[in-house]
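File shown here: query.csv, holding CSV, C-alpha atoms.
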```
chain,number,residue,atom,x,y,z
M,1,MET,CA,-56.9,-21.6,31.9
M,2,ASN,CA,-55.5,-24.7,33.5
M,3,LYS,CA,-57.2,-27.0,31.1
M,4,ASP,CA,-54.8,-25.4,28.5
M,5,ASN,CA,-51.7,-26.7,30.3
M,6,SER,CA,-51.2,-29.6,27.9
M,7,LEU,CA,-51.7,-27.3,24.8
M,8,TYR,CA,-49.1,-24.8,26.0
M,9,SER,CA,-46.6,-27.4,27.0
M,10,ASN,CA,-47.0,-29.5,23.9
M,11,VAL,CA,-46.5,-26.5,21.6
M,12,ASN,CA,-43.6,-25.3,23.7
M,13,LEU,CA,-41.9,-28.6,23.5
M,14,THR,CA,-42.4,-29.0,19.8
M,15,LEU,CA,-40.9,-25.6,19.0
M,16,ARG,CA,-37.9,-26.2,21.3
M,17,ILE,CA,-37.0,-29.6,20.0
M,18,GLY,CA,-37.4,-28.4,16.4
M,19,ALA,CA,-35.3,-25.3,16.8
M,20,TYR,CA,-32.5,-26.7,18.9
M,21,SER,CA,-32.1,-29.9,16.8
M,22,ALA,CA,-32.0,-27.9,13.6
M,23,PHE,CA,-29.4,-25.6,15.3
M,24,ILE,CA,-27.2,-28.6,16.3
M,25,ILE,CA,-27.4,-30.2,12.8
M,26,LEU,CA,-26.6,-26.9,11.1
M,27,ILE,CA,-23.5,-26.3,13.3
M,28,LEU,CA,-22.4,-29.8,12.5
M,29,GLY,CA,-22.9,-29.2,8.7
M,30,LEU,CA,-21.1,-25.9,8.8
M,31,VAL,CA,-18.1,-27.3,10.6
M,32,LEU,CA,-17.9,-30.0,7.9
M,33,PHE,CA,-18.4,-27.4,5.2
M,34,LEU,CA,-15.7,-25.0,6.4
M,35,PHE,CA,-13.2,-27.8,6.6
M,36,THR,CA,-14.0,-29.4,3.2
M,37,ALA,CA,-15.4,-27.2,0.5
M,38,PRO,CA,-14.1,-23.8,-0.4
M,39,GLY,CA,-15.4,-22.1,-3.6
M,40,PRO,CA,-17.2,-19.1,-4.8
M,41,ILE,CA,-20.2,-18.0,-2.8
M,42,GLN,CA,-22.8,-18.1,-5.5
M,43,ASP,CA,-22.2,-21.6,-6.7
M,44,ALA,CA,-21.9,-23.4,-3.4
M,45,GLY,CA,-25.1,-25.0,-2.2
M,46,LEU,CA,-27.6,-24.0,-4.7
M,47,LEU,CA,-30.9,-25.8,-4.7
M,48,PRO,CA,-32.9,-27.6,-5.9
M,49,MET,CA,-31.4,-30.9,-4.9
M,50,SER,CA,-33.3,-34.0,-5.9
M,51,VAL,CA,-34.6,-36.3,-3.1
M,52,GLY,CA,-32.1,-39.0,-4.1
M,53,GLU,CA,-29.2,-36.5,-4.2
M,54,PHE,CA,-30.2,-35.2,-0.8
M,55,LEU,CA,-30.5,-38.6,0.9
M,56,SER,CA,-27.3,-39.9,-0.6
M,57,SER,CA,-25.4,-36.8,0.4
M,58,LEU,CA,-26.9,-36.9,3.9
M,59,PHE,CA,-25.9,-40.6,4.4
M,60,LYS,CA,-22.4,-39.9,3.0
M,61,PHE,CA,-22.2,-37.2,5.6
M,62,GLU,CA,-21.5,-34.5,3.0
M,63,PRO,CA,-21.6,-31.0,4.4
M,64,LEU,CA,-24.3,-29.6,2.1
M,65,GLY,CA,-26.5,-32.7,2.7
M,66,VAL,CA,-26.3,-32.2,6.5
M,67,ILE,CA,-27.0,-28.4,6.2
M,68,ASN,CA,-29.9,-29.2,3.9
M,69,PHE,CA,-31.3,-31.6,6.5
M,70,GLY,CA,-30.9,-28.9,9.3
M,71,LEU,CA,-32.7,-26.3,7.2
M,72,LEU,CA,-35.5,-28.8,6.4
M,73,VAL,CA,-36.0,-29.6,10.1
M,74,LEU,CA,-36.2,-25.9,10.8
M,75,MET,CA,-38.6,-25.3,7.9
M,76,PHE,CA,-41.0,-28.1,8.9
M,77,THR,CA,-41.0,-27.2,12.7
M,78,PRO,CA,-43.9,-24.7,12.3
M,79,LEU,CA,-45.9,-27.2,10.4
M,80,LEU,CA,-45.3,-29.8,13.1
M,81,ARG,CA,-46.3,-27.2,15.7
M,82,VAL,CA,-49.7,-26.7,13.9
M,83,ILE,CA,-50.3,-30.5,13.9
M,84,ILE,CA,-49.4,-30.8,17.6
M,85,ALA,CA,-51.8,-27.9,18.4
M,86,LEU,CA,-54.5,-29.5,16.3
M,87,PHE,CA,-54.3,-32.7,18.4
M,88,SER,CA,-54.1,-30.8,21.6
M,89,PHE,CA,-57.3,-29.0,20.7
M,90,LEU,CA,-59.0,-32.3,19.7
M,91,ARG,CA,-58.1,-33.7,23.1
M,92,LEU,CA,-59.5,-30.6,24.8
M,93,LYS,CA,-62.7,-31.3,22.7
M,94,ASP,CA,-62.4,-27.7,21.5
M,95,LYS,CA,-64.3,-28.0,18.2
M,96,LYS,CA,-63.9,-24.4,17.0
M,97,TYR,CA,-60.1,-24.3,17.4
M,98,SER,CA,-59.6,-27.8,16.1
M,99,LEU,CA,-61.2,-26.7,12.9
M,100,ILE,CA,-59.1,-23.5,12.8
M,101,SER,CA,-55.9,-25.5,13.3
M,102,LEU,CA,-57.0,-27.9,10.6
M,103,GLY,CA,-57.6,-24.9,8.4
M,104,VAL,CA,-54.0,-23.6,9.0
M,105,PHE,CA,-52.7,-27.1,8.4
M,106,LEU,CA,-54.5,-27.4,5.1
M,107,ILE,CA,-53.4,-23.9,3.9
M,108,LEU,CA,-49.7,-24.8,4.7
M,109,THR,CA,-50.0,-28.2,3.0
M,110,PHE,CA,-51.6,-26.4,0.0
M,111,GLY,CA,-48.7,-24.0,-0.1
M,112,LEU,CA,-46.2,-26.8,0.1
M,113,LEU,CA,-47.9,-28.6,-2.8
M,114,VAL,CA,-48.0,-25.4,-4.9
M,115,ALA,CA,-44.3,-25.0,-4.1
M,116,ILE,CA,-43.3,-28.5,-5.1
M,117,PHE,CA,-45.3,-28.7,-8.4
N,118,MET,CA,-14.1,-17.2,4.9
N,119,GLU,CA,-17.1,-15.4,3.6
N,120,TYR,CA,-19.3,-17.8,5.5
N,121,LEU,CA,-17.6,-17.1,8.8
N,122,LEU,CA,-18.2,-13.4,8.1
N,123,MET,CA,-21.8,-14.1,7.3
N,124,MET,CA,-22.1,-16.0,10.6
N,125,LEU,CA,-20.5,-13.1,12.4
N,126,GLY,CA,-23.0,-10.7,10.7
N,127,GLY,CA,-25.8,-13.0,11.7
N,128,ILE,CA,-24.6,-12.8,15.3
N,129,VAL,CA,-24.7,-9.0,15.2
N,130,VAL,CA,-28.1,-9.0,13.7
N,131,GLY,CA,-29.4,-11.5,16.2
N,132,VAL,CA,-28.1,-9.5,19.1
N,133,PHE,CA,-29.6,-6.3,17.7
N,134,GLY,CA,-32.9,-8.0,16.9
N,135,SER,CA,-33.4,-9.5,20.2
N,136,LEU,CA,-32.5,-6.3,22.0
N,137,LEU,CA,-34.9,-4.3,19.9
N,138,GLY,CA,-37.6,-6.8,19.5
N,139,LEU,CA,-37.2,-7.3,15.8
N,140,GLY,CA,-37.4,-10.5,13.8
N,141,GLY,CA,-34.1,-9.7,12.1
N,142,GLY,CA,-35.2,-9.9,8.5
N,143,VAL,CA,-35.1,-6.1,8.3
N,144,LEU,CA,-31.3,-6.3,8.8
N,145,ILE,CA,-30.4,-9.7,7.3
N,146,ILE,CA,-31.5,-8.8,3.8
N,147,PRO,CA,-29.6,-5.5,3.6
N,148,MET,CA,-26.6,-7.2,5.1
N,149,LEU,CA,-26.5,-10.0,2.6
N,150,THR,CA,-27.3,-7.9,-0.5
N,151,LEU,CA,-25.2,-4.8,0.3
N,152,ILE,CA,-22.2,-6.3,2.0
N,153,PHE,CA,-22.0,-9.8,0.5
N,154,ASN,CA,-23.6,-9.0,-2.9
N,155,VAL,CA,-26.0,-11.9,-2.6
N,156,PRO,CA,-29.0,-11.7,-5.0
N,157,ILE,CA,-32.1,-10.3,-3.1
N,158,HIS,CA,-34.2,-13.5,-3.7
N,159,THR,CA,-31.5,-15.6,-2.1
N,160,ALA,CA,-31.2,-13.1,0.8
N,161,ILE,CA,-35.0,-13.3,1.3
N,162,GLY,CA,-34.8,-17.1,1.4
N,163,ALA,CA,-32.1,-17.0,4.1
N,164,SER,CA,-34.1,-14.4,6.0
N,165,PHE,CA,-37.2,-16.7,6.2
N,166,LEU,CA,-35.1,-19.4,7.8
N,167,CYS,CA,-33.6,-16.9,10.3
N,168,VAL,CA,-37.2,-15.7,11.1
N,169,ILE,CA,-38.3,-19.3,11.8
N,170,ALA,CA,-35.3,-19.8,14.0
N,171,THR,CA,-35.8,-16.7,16.1
N,172,SER,CA,-39.5,-17.1,16.3
N,173,SER,CA,-39.1,-20.7,17.5
N,174,GLY,CA,-36.5,-19.6,20.0
N,175,ALA,CA,-38.3,-16.5,21.4
N,176,ALA,CA,-41.8,-18.0,21.0
N,177,THR,CA,-41.0,-20.9,23.3
N,178,HIS,CA,-40.0,-18.4,26.0
N,179,TYR,CA,-43.3,-16.5,25.6
N,180,VAL,CA,-45.4,-19.7,25.3
N,181,GLN,CA,-43.8,-21.0,28.5
N,182,GLN,CA,-44.8,-17.8,30.3
N,183,ARG,CA,-48.3,-18.1,28.9
N,184,LEU,CA,-47.9,-14.6,27.3
N,185,THR,CA,-48.9,-16.0,23.9
N,186,ASP,CA,-52.5,-16.3,23.0
N,187,ILE,CA,-52.4,-19.5,21.0
N,188,ARG,CA,-56.0,-19.4,20.0
N,189,LEU,CA,-55.8,-15.8,18.7
N,190,GLY,CA,-52.5,-16.7,17.0
N,191,MET,CA,-53.9,-19.8,15.2
N,192,THR,CA,-57.0,-17.8,14.1
N,193,LEU,CA,-54.9,-15.0,12.6
N,194,GLU,CA,-52.6,-17.5,11.0
N,195,LEU,CA,-55.4,-18.5,8.7
N,196,ALA,CA,-54.9,-15.0,7.2
N,197,THR,CA,-51.2,-14.6,7.4
N,198,THR,CA,-50.4,-17.9,5.7
N,199,VAL,CA,-52.7,-17.2,2.7
N,200,GLY,CA,-51.1,-13.8,2.5
N,201,ALA,CA,-47.6,-15.3,2.7
N,202,ILE,CA,-48.2,-17.8,0.0
N,203,ILE,CA,-49.5,-15.2,-2.4
N,204,GLY,CA,-46.6,-12.8,-1.5
N,205,GLY,CA,-44.1,-15.6,-2.0
N,206,LEU,CA,-45.5,-16.3,-5.5
N,207,ILE,CA,-45.6,-12.6,-6.4
N,208,ALA,CA,-42.0,-12.1,-5.3
N,209,GLY,CA,-40.9,-14.8,-7.8
N,210,ILE,CA,-42.1,-12.7,-10.8
N,211,LEU,CA,-40.8,-9.4,-9.5
N,212,ALA,CA,-37.4,-8.2,-10.7
N,213,ARG,CA,-34.5,-7.7,-8.2
N,214,ASN,CA,-34.5,-4.0,-8.5
N,215,THR,CA,-38.2,-3.7,-7.9
N,216,LEU,CA,-37.9,-5.7,-4.7
N,217,SER,CA,-35.0,-3.6,-3.5
N,218,VAL,CA,-37.0,-0.4,-3.9
N,219,ILE,CA,-40.1,-1.9,-2.1
N,220,PHE,CA,-37.7,-3.1,0.6
N,221,SER,CA,-36.3,0.4,1.0
N,222,PHE,CA,-39.8,1.8,1.7
N,223,LEU,CA,-40.2,-0.9,4.4
N,224,LEU,CA,-37.0,0.1,6.0
N,225,LEU,CA,-38.1,3.7,6.0
N,226,TYR,CA,-41.4,2.7,7.6
N,227,THR,CA,-39.6,0.7,10.3
N,228,GLY,CA,-37.3,3.7,11.1
N,229,VAL,CA,-40.2,6.1,11.3
N,230,SER,CA,-42.2,3.8,13.5
N,231,MET,CA,-39.3,3.4,15.9
N,232,LEU,CA,-39.0,7.2,16.2
N,233,GLN,CA,-42.6,7.5,17.2
N,234,LYS,CA,-43.9,7.2,20.8
N,235,LYS,CA,-43.0,3.9,22.2
N,236,PRO,CA,-46.0,1.6,22.5
N,237,SER,CA,-44.8,0.6,26.0
N,238,ASP,CA,-45.4,4.2,27.0
N,239,VAL,CA,-48.9,4.1,25.7
N,240,ALA,CA,-49.4,0.8,27.4
N,241,SER,CA,-48.4,2.2,30.8
N,242,GLU,CA,-50.8,5.1,30.1
N,243,ARG,CA,-53.5,2.6,29.5
N,244,LYS,CA,-52.6,1.0,32.8
N,245,GLU,CA,-52.9,-2.4,31.5
N,246,ASN,CA,-52.3,-5.6,33.3
N,247,PRO,CA,-51.3,-8.6,31.1
N,248,ASP,CA,-53.0,-11.1,33.4
N,249,GLU,CA,-56.3,-9.4,33.0
N,250,ASN,CA,-58.9,-11.0,30.8
N,251,TYR,CA,-59.4,-9.1,27.6
N,252,GLN,CA,-62.0,-9.3,24.8
N,253,VAL,CA,-60.6,-9.5,21.3
N,254,LYS,CA,-62.4,-6.8,19.2
N,255,ARG,CA,-62.7,-6.2,15.5
N,256,MET,CA,-61.7,-9.6,14.3
N,257,PRO,CA,-62.4,-9.1,10.6
N,258,LEU,CA,-60.2,-6.0,10.5
N,259,GLY,CA,-57.5,-7.9,12.4
N,260,MET,CA,-57.7,-10.7,9.9
N,261,LEU,CA,-57.3,-8.2,7.0
N,262,ALA,CA,-54.3,-6.6,8.7
N,263,SER,CA,-52.8,-10.1,9.2
N,264,PHE,CA,-53.4,-11.0,5.6
N,265,PHE,CA,-51.5,-7.8,4.6
N,266,ALA,CA,-48.7,-8.6,7.1
N,267,GLY,CA,-48.4,-12.1,5.7
N,268,ASN,CA,-48.3,-10.7,2.2
N,269,MET,CA,-45.5,-8.3,3.0
N,270,SER,CA,-43.7,-11.1,4.8
N,271,GLY,CA,-43.9,-13.4,1.8
N,272,LEU,CA,-42.8,-10.6,-0.6
N,273,LEU,CA,-39.9,-9.2,1.4
N,274,GLY,CA,-38.8,-12.0,3.8
N,275,ILE,CA,-39.6,-10.1,7.0
N,276,GLY,CA,-41.5,-11.4,10.0
N,277,GLY,CA,-44.2,-8.7,9.7
N,278,GLY,CA,-44.2,-7.9,13.4
N,279,VAL,CA,-44.1,-4.2,12.5
N,280,ILE,CA,-47.6,-4.5,11.1
N,281,LYS,CA,-49.1,-7.2,13.3
N,282,VAL,CA,-48.2,-5.8,16.8
N,283,PRO,CA,-49.8,-2.4,16.2
N,284,ALA,CA,-52.8,-4.1,14.5
N,285,MET,CA,-53.5,-6.4,17.4
N,286,TYR,CA,-52.8,-3.7,20.0
N,287,LEU,CA,-54.6,-0.8,18.5
N,288,LEU,CA,-57.3,-2.4,16.4
N,289,MET,CA,-58.1,-5.5,18.4
N,290,ASP,CA,-57.5,-4.2,22.0
N,291,VAL,CA,-55.1,-7.0,22.8
N,292,PRO,CA,-52.6,-6.1,25.6
N,293,LEU,CA,-49.2,-5.1,24.2
N,294,LYS,CA,-47.2,-7.9,25.8
N,295,THR,CA,-49.7,-10.5,24.5
N,296,ALA,CA,-49.7,-8.8,21.1
N,297,THR,CA,-45.9,-9.0,20.9
N,298,ALA,CA,-45.8,-12.6,22.1
N,299,THR,CA,-48.5,-13.7,19.8
N,300,SER,CA,-47.0,-11.9,16.8
N,301,ASN,CA,-43.7,-13.7,17.5
N,302,PHE,CA,-45.6,-17.0,17.8
N,303,MET,CA,-47.2,-16.5,14.3
N,304,LEU,CA,-43.9,-15.6,12.6
N,305,GLY,CA,-42.7,-19.1,12.3
N,306,VAL,CA,-45.8,-20.5,10.6
N,307,THR,CA,-46.1,-17.4,8.3
N,308,ALA,CA,-42.4,-17.6,7.3
N,309,SER,CA,-42.5,-21.3,6.7
N,310,ALA,CA,-45.5,-20.9,4.3
N,311,SER,CA,-43.4,-18.6,2.0
N,312,CYS,CA,-40.2,-20.4,2.7
N,313,PHE,CA,-41.6,-23.6,1.1
N,314,ILE,CA,-42.1,-21.6,-2.1
N,315,TYR,CA,-38.6,-20.1,-2.0
N,316,TYR,CA,-37.0,-23.4,-1.2
N,317,PHE,CA,-38.6,-25.3,-4.0
N,318,ARG,CA,-38.0,-22.5,-6.5
N,319,GLY,CA,-34.3,-22.8,-5.7
N,320,ASP,CA,-34.0,-19.4,-3.9
N,321,VAL,CA,-32.5,-21.0,-0.8
N,322,ASN,CA,-28.8,-21.2,-0.8
N,323,LEU,CA,-27.8,-23.9,1.6
N,324,SER,CA,-24.4,-22.5,2.8
N,325,ILE,CA,-25.5,-18.9,3.0
N,326,SER,CA,-28.7,-19.8,4.9
N,327,GLY,CA,-26.9,-22.2,7.2
N,328,ALA,CA,-24.3,-19.7,8.1
N,329,THR,CA,-26.7,-16.8,8.8
N,330,VAL,CA,-29.2,-19.0,10.7
N,331,VAL,CA,-26.6,-20.3,13.1
N,332,GLY,CA,-25.3,-16.7,13.5
N,333,VAL,CA,-28.7,-15.2,14.2
N,334,PHE,CA,-29.6,-18.1,16.6
N,335,LEU,CA,-26.4,-17.5,18.6
N,336,GLY,CA,-26.9,-13.7,18.5
N,337,ALA,CA,-30.4,-14.1,19.8
N,338,ILE,CA,-29.2,-16.2,22.8
N,339,ILE,CA,-26.4,-13.6,23.5
N,340,GLY,CA,-28.9,-10.7,23.1
N,341,SER,CA,-31.4,-12.1,25.5
N,342,ARG,CA,-28.6,-12.3,28.2
N,343,LEU,CA,-27.5,-8.7,27.4
N,344,LEU,CA,-31.0,-7.4,27.7
N,345,GLN,CA,-30.7,-7.1,31.4
N,346,VAL,CA,-27.5,-5.1,31.3
N,347,ILE,CA,-27.8,-2.8,28.3
N,348,LYS,CA,-29.7,0.4,27.9
N,349,THR,CA,-31.8,0.0,24.8
N,350,SER,CA,-32.6,3.7,24.3
N,351,ILE,CA,-29.2,4.6,22.9
N,352,LEU,CA,-29.1,1.4,20.8
N,353,LYS,CA,-32.5,2.4,19.4
N,354,ARG,CA,-31.1,5.8,18.2
N,355,ILE,CA,-28.2,4.2,16.5
N,356,PHE,CA,-30.5,1.7,15.0
N,357,VAL,CA,-32.8,4.3,13.5
N,358,ILE,CA,-29.8,6.0,11.8
N,359,VAL,CA,-28.6,2.7,10.4
N,360,VAL,CA,-32.0,1.8,9.1
N,361,PHE,CA,-32.4,5.2,7.3
N,362,TYR,CA,-29.0,4.7,5.8
N,363,LEU,CA,-29.8,1.2,4.6
N,364,ALA,CA,-33.1,2.4,3.2
N,365,LEU,CA,-31.3,4.9,1.0
N,366,LYS,CA,-28.7,2.4,-0.1
N,367,MET,CA,-31.3,-0.2,-1.0
N,368,PHE,CA,-33.3,2.4,-2.8
N,369,PHE,CA,-30.3,3.5,-4.9
N,370,LYS,CA,-29.3,-0.1,-5.5
N,371,GLY,CA,-32.8,-0.8,-6.8
N,372,MET,CA,-32.5,2.3,-9.0
N,373,ASP,CA,-29.1,1.2,-10.2
N,374,LEU,CA,-27.4,4.3,-8.9
N,375,HIS,CA,-24.4,2.6,-7.5
N,376,PHE,CA,-22.1,5.6,-7.6
N,377,LEU,CA,-23.8,7.2,-4.6
N,378,PHE,CA,-22.8,6.5,-1.0
N,379,PHE,CA,-19.6,4.7,-1.7
```
Once more with this new file: its structure as structure tokens, please.
Amino acid sequence: MNKDNSLYSNVNLTLRIGAYSAFIILILGLVLFLFTAPGPIQDAGLLPMSVGEFLSSLFKFEPLGVINFGLLVLMFTPLLRVIIALFSFLRLKDKKYSLISLGVFLILTFGLLVAIF
Amino acid sequence: MEYLLMMLGGIVVGVFGSLLGLGGGVLIIPMLTLIFNVPIHTAIGASFLCVIATSSGAATHYVQQRLTDIRLGMTLELATTVGAIIGGLIAGILARNTLSVIFSFLLLYTGVSMLQKKPSDVASERKENPDENYQVKRMPLGMLASFFAGNMSGLLGIGGGVIKVPAMYLLMDVPLKTATATSNFMLGVTASASCFIYYFRGDVNLSISGATVVGVFLGAIIGSRLLQVIKTSILKRIFVIVVFYLALKMFFKGMDLHFLFF
């Protein structure tokens, strides 16, 4: 059990950092949003946003760009958690679960590629 | 203004969810579609993000306490993610009304399962000790159930704990606390698999999702504090009535029978 300490603490830390940083970014974005952009619900903030649009709105500190960034951080936290678990299993020389983690990673990446194209 | 109300709604859902051990998707989607008239696909997109947020919040707590079985979770995730991707793709071709009707059946199932004997009662009958070593049984069946849970998750935007916890507990002989913690752990990865599809299809509305996620996150933090002082048995009864009412409303919305219940 004790050999798993690093696995558990790495995974814990990844989830925590991901969730809380997304939360803080989202609050920031929402505060900006509430003070700048009114408008009908259905039209505000519809995706897709192109990468260029996203980056320029983020660097201009536009509310929707900031919110989008927060949501992306949140959305990619689980994927990062899988990668961290994979490396933790590799360091434990746990072949079976390294392969399983790799499998989950590949499925998620496949899903992401299907989604994009 | 609507966004502030959505955030408030999110807080209520987050409090309820963490007090009753629910992911929140079951309540977020009816709230957004019935109160705020958000299209169901957009509501599901927002729900995925709420599920990831609560899972990452609650999961860290369980992971820290070592209640989560990371190995079991990763193994079952092989099945839930495949199910979630397929479910997310299918949801894209289904009409709003069809999804509403399917969702109403899910609400009905959730209500009925809450009325039944509490798993924690069964657990104390089994006299289980979460620290004890256990042998995971019937892995293939568990994988099948996980695939199904992932599929429902991708289709309807829920976490799927309603399916996974009983499957792990009853089929695979995993202790209840471990089953709950592990299910929670898997929610994030499962929801993100379908969330990618919703996001890139344009079914994630930034402002709606942002407002509800922040609300649910705050609600979950408040709820976990309240858990020590509130009796959940009364809350549960109120919740069951609310869920049945929502099931009827979603059903009639799906059937385009708007004149009822207003």
Find the nearest atom pair between each residue of chain M and chain N for residues within 8 Å, count all atoms listed in the file, give distances in Å to one decimal, sort rows by chain and ascending number, and present the table as a tab-separated table.
```
residue	atom	partner	partner_atom	distance
M:Tyr8	CA	N:Val180	CA	6.3
M:Ser9	CA	N:Gln181	CA	7.1
M:Val11	CA	N:Val180	CA	7.8
M:Asn12	CA	N:Thr177	CA	5.1
M:Leu13	CA	N:Thr177	CA	7.8
M:Leu15	CA	N:Ser173	CA	5.4
M:Arg16	CA	N:Thr177	CA	6.5
M:Gly18	CA	N:Ser173	CA	8.0
M:Ala19	CA	N:Ser173	CA	6.0
M:Phe23	CA	N:Val331	CA	6.4
M:Leu26	CA	N:Gly327	CA	6.1
M:Ile27	CA	N:Val331	CA	6.8
M:Leu30	CA	N:Ala328	CA	7.0
M:Ile41	CA	N:Glu119	CA	7.6
M:Gln42	CA	N:Val155	CA	7.6
M:Ala44	CA	N:Ser324	CA	6.7
M:Gly45	CA	N:Leu323	CA	4.8
M:Leu46	CA	N:Asn322	CA	4.9
M:Leu47	CA	N:Gly319	CA	4.6
M:Pro48	CA	N:Gly319	CA	5.0
M:Leu64	CA	N:Leu323	CA	6.7
M:Ile67	CA	N:Gly327	CA	6.3
M:Asn68	CA	N:Leu323	CA	6.1
M:Leu71	CA	N:Gly327	CA	7.1
M:Leu74	CA	N:Ala170	CA	6.9
M:Met75	CA	N:Ser309	CA	5.7
M:Phe76	CA	N:Ser309	CA	7.3
M:Pro78	CA	N:Val306	CA	4.9
M:Leu79	CA	N:Val306	CA	6.7
M:Tyr97	CA	N:Arg188	CA	6.9
M:Ile100	CA	N:Thr192	CA	6.2
M:Ser101	CA	N:Met191	CA	6.3
M:Gly103	CA	N:Leu195	CA	6.8
M:Val104	CA	N:Leu195	CA	5.3
M:Ile107	CA	N:Val199	CA	6.8
M:Leu108	CA	N:Ala310	CA	5.7
M:Gly111	CA	N:Ile202	CA	6.2
M:Leu112	CA	N:Phe313	CA	5.7
M:Val114	CA	N:Ile314	CA	7.6
M:Ala115	CA	N:Ile314	CA	4.5
M:Ile116	CA	N:Phe317	CA	5.8
```
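Straight-line separation from CA of Thr215 (chain N) to CA of Leu363 (chain N): 15.8 Å.
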Between CA of Leu137 (chain N) and CA of Leu343 (chain N) - distance in Å to one decimal: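 Separating CA of Leu343 (chain N) from CA of Leu137 (chain N) is a distance of 11.4 Å.
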Length of the CA of Phe110 (chain M) to CA of Ala160 (chain N) vector [Å]: 24.4 Å
Residues near region 345-361 of chain N, cut-off 8 Å, only C-alpha atoms, skip fewer than 2 positions along chain, as a list of chain:residue names: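 Contacts, in chain order: N:Leu136, N:Leu137, N:Leu224, N:Leu225, N:Thr227, N:Gly228, N:Val229, N:Met231, N:Leu232, N:Ser341, N:Arg342, N:Leu343, N:Leu363, N:Ala364, N:Leu365.
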Close residues, region 207-212 of chain N itself excluded, 8 Å, only C-alpha atoms, min 4 positions apart in chain, as a list in words: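 Contacts, with the query itself left out: His158, Ile203, Leu216, Gly271, Leu272 and Leu273 of chain N.
In this comparison, which uses only C-alpha atoms, the residue of M:Ser6, M:Lys96, M:Thr77, M:Phe69 approaching Ile24 (chain M) most closely is M:Phe69.
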